[in-house]
Amino acid sequence: MMSEFLEWFSAQFYQTFIFEDRWYIYFAKGLGTTFKITIGALLIGVVIGVFIAVVRSAYDSQRVRWHGVGGIVLGLANLVCKLYLTVIRGTPSTVQLLIMYFIIFGSSQNMLAAAIISFGINSGAYVAEIVRSGIMSIPKGQMEAGRSLGLNYASTMRFIIIPQAIKNILPALGNELITLVKETSICTVIGLMDLTKGAMIVQSRTYAPWMPYLSIALIYLVIVLILTKLLGILEGRLRASDRR
Amino acid sequence: MIDVKNLYKSFGDHEVLKGVNEHIDKGEKVVIIGPSGSGKSTFLRCLNLLEEPTSGSIIFEGQNITSRETDINIVRRKMGMVFQQFNLFPHLTVKENIKLAPIKLKTMTEPEAEKRAVQLLERVGLPDKADSYPVQLSGGQQQRIAIARALAMNPDVMLFDEPTSALDPEMVGEVLELMKELAEDGMTMVVVTHEMGFAREVATRVLFMDGGNIVEQNEPKTFFANPQHPRLKDFLSKVL
């Protein structure tokens, strides 16, 4: 019984990973693509997210003080941001990716870029709301203290509010990162070979689903565990100022 | 130095300031007292436009700061403010709190700001706390650092918004003592407080606010010994 299983296992293992260097061509390269999409999308998402959060917070707290052109621009920017949040959060990310690749990218065929931009834009909507909640969690007195020293709104945000907000929202941001890593597997719909697509290709060659799919499940799990650990360490460092 | 003309401020339908007129000279130490809801904090916060007046004008060093053309951020550099809740920046060390504004606003170079911070920490009696974080300090110490932070911009006037109201009783003294020293150094000060002892001892002039206006003012001796307005008599009889 045991020896039969071992035999089956090693045959599956050989077919899935060793034969024709599949471990490298499909799994390692696929994992590389998964990382590229995640990191690229994360950067885009954070930039979009912080920008939108600041625009929305500024609109909520400052609109009475901004007169003339400044006020109109701020109002318009706030409207655009709200529209973006509504559309992105109201449609499936799979559909967004299909639109991005087949319509917006059209003839360009650059699957990786389409995936990175699409996931980045998607993630930005969620990051924006997380960052905004972080900004709102900082007591009003912090903004007043910064402004009373002569710092303008943007500098106070940058040097005083955002650094504290980031600390407060790190767990939620970590959550978003973990979601993002797993969500990149959606890119199989446009045919981009990430880790999941790699396993699908191997299965189509071997007709054996067990080994490839259970393996990538394990790989995703390990990535998430490592990220959780790293985020925990980062959080500990940022909490330095809370030590008594 | 500060000239307030016909200052009105409403929050929605609620009118808090009802046409305040006041003139504050350089070197004066003006203490504002009054019951809660009388508009004294709002008045103080209007002086550096943390609250935007509904109407009226505030002239500071010859400049109308309520005018749209005035860059309030430049004006605020010359007006230090100390808050009831200290409002130190919790993610920065004490020294970084003090150096932040002069460095970011480029009024000092890094070494100059460093030197000034060390000097100010000495001044407020907390040189050994330079690298502590605010949360590690007592309330009294935090407020002294907040004063140092405001002084780092070398302001011409210091505004105090109930600086001792959030402190444990045994820490009130150290903050008042520091403010007294500041007054003796010639700093122009506007102080909203409930500390009548401080008003008596340090103020050059005491203002009594009630119902959104200044109803009586005098030099402290006469102010406390011989109040005229019935509202002030009533107020003093309760707090003294």
# chains A, B, ... in the order shown; residues from 1 in each chain; ligands from 1
>>> closest_atom_pairs(of="stretch 92-180 of chain A", to="stretch 75-95 of chain B", cutoff="7 Å", atoms="only C-alpha atoms", output="CSV")
residue,atom,partner,partner_atom,distance
A:Gly141,CA,B:Asn87,CA,5.7
A:Gln142,CA,B:Asn87,CA,5.7
A:Ala145,CA,B:Asn87,CA,6.1
A:Ser148,CA,B:Arg76,CA,5.9
A:Leu149,CA,B:Arg77,CA,5.7
A:Gly150,CA,B:Arg77,CA,4.8
A:Ile160,CA,B:Phe89,CA,6.9
A:Gln164,CA,B:His91,CA,6.4
>>> interface_residues(of="chain A", to="chain B", cutoff="12 Å", atoms="only C-alpha atoms", output="number ranges by chain")
A: 62, 64-68, 138-156, 158-168, 237-244
>>> residues_around(residues="stretch 101-108 of chain A", least_positions_apart="5", cutoff="9 Å", atoms="only C-alpha atoms", output="list in words")
Gln96, Ala113, Ala114, Ala115, Ser118 and Ile190 of chain A
>>> write_last_selection(atoms="C-alpha atoms", output="CSV table (one decimal), in the first residue's frame")
chain,number,residue,atom,x,y,z
A,96,GLN,CA,-11.6,44.9,-15.8
A,113,ALA,CA,1.8,45.3,-18.8
A,114,ALA,CA,-1.9,45.0,-19.2
A,115,ALA,CA,-2.1,42.8,-16.1
A,118,SER,CA,-5.3,46.5,-14.5
A,190,ILE,CA,-5.9,36.7,-20.9
>>> select_by_dssp(residues="stretch 68-219 of chain B", states="strand (DSSP E)", output="PyMOL selection string")
chain B and resi 79-82+157-161+188-192+205-210+213-218
>>> closest_residue(among="A:Glu7, A:Asp194, A:Glu183, A:Asp21", to="A:Leu112", atoms="only C-alpha atoms")
A:Asp194
>>> closest_residue(among="A:Val87, A:Met157, A:Leu6, A:Val127", to="A:Leu42", atoms="only C-alpha atoms")
A:Val127
>>> closest_residue(among="B:Lys129, B:Asp13, B:Asn213, B:Ile98", to="B:Lys115", atoms="only C-alpha atoms")
B:Ile98
>>> atom_distance(atom1="atom CA of A:Pro171", atom2="atom CA of A:Ala128")
14.6 Å
>>> select_by_dssp(residues="stretch 43-192 of chain B", states="helix (DSSP H, G or I)", output="number ranges by chain")
B: 43-47, 72-76, 94-104, 110-123, 127-129, 134-136, 139-151, 169-184
>>> closest_residue(among="A:Cys187, A:Leu192, A:Thr228, A:Tyr126", to="A:Gly45", atoms="only C-alpha atoms")
A:Tyr126
>>> residues_around(residues="B:Gln228", least_positions_apart="6", cutoff="10 Å", atoms="only C-alpha atoms", output="list in words")
Val215, Glu216, Gln217 and Thr222 of chain B
>>> residues_around(residues="B:Ala203", least_positions_apart="3", cutoff="9 Å", atoms="only C-alpha atoms", output="list in words")
Glu28, Lys29, Val30, Val31, Ala183, Met189, Val191, Phe198, Ala199, Arg200, Val206, Glu219 and Pro220 of chain B
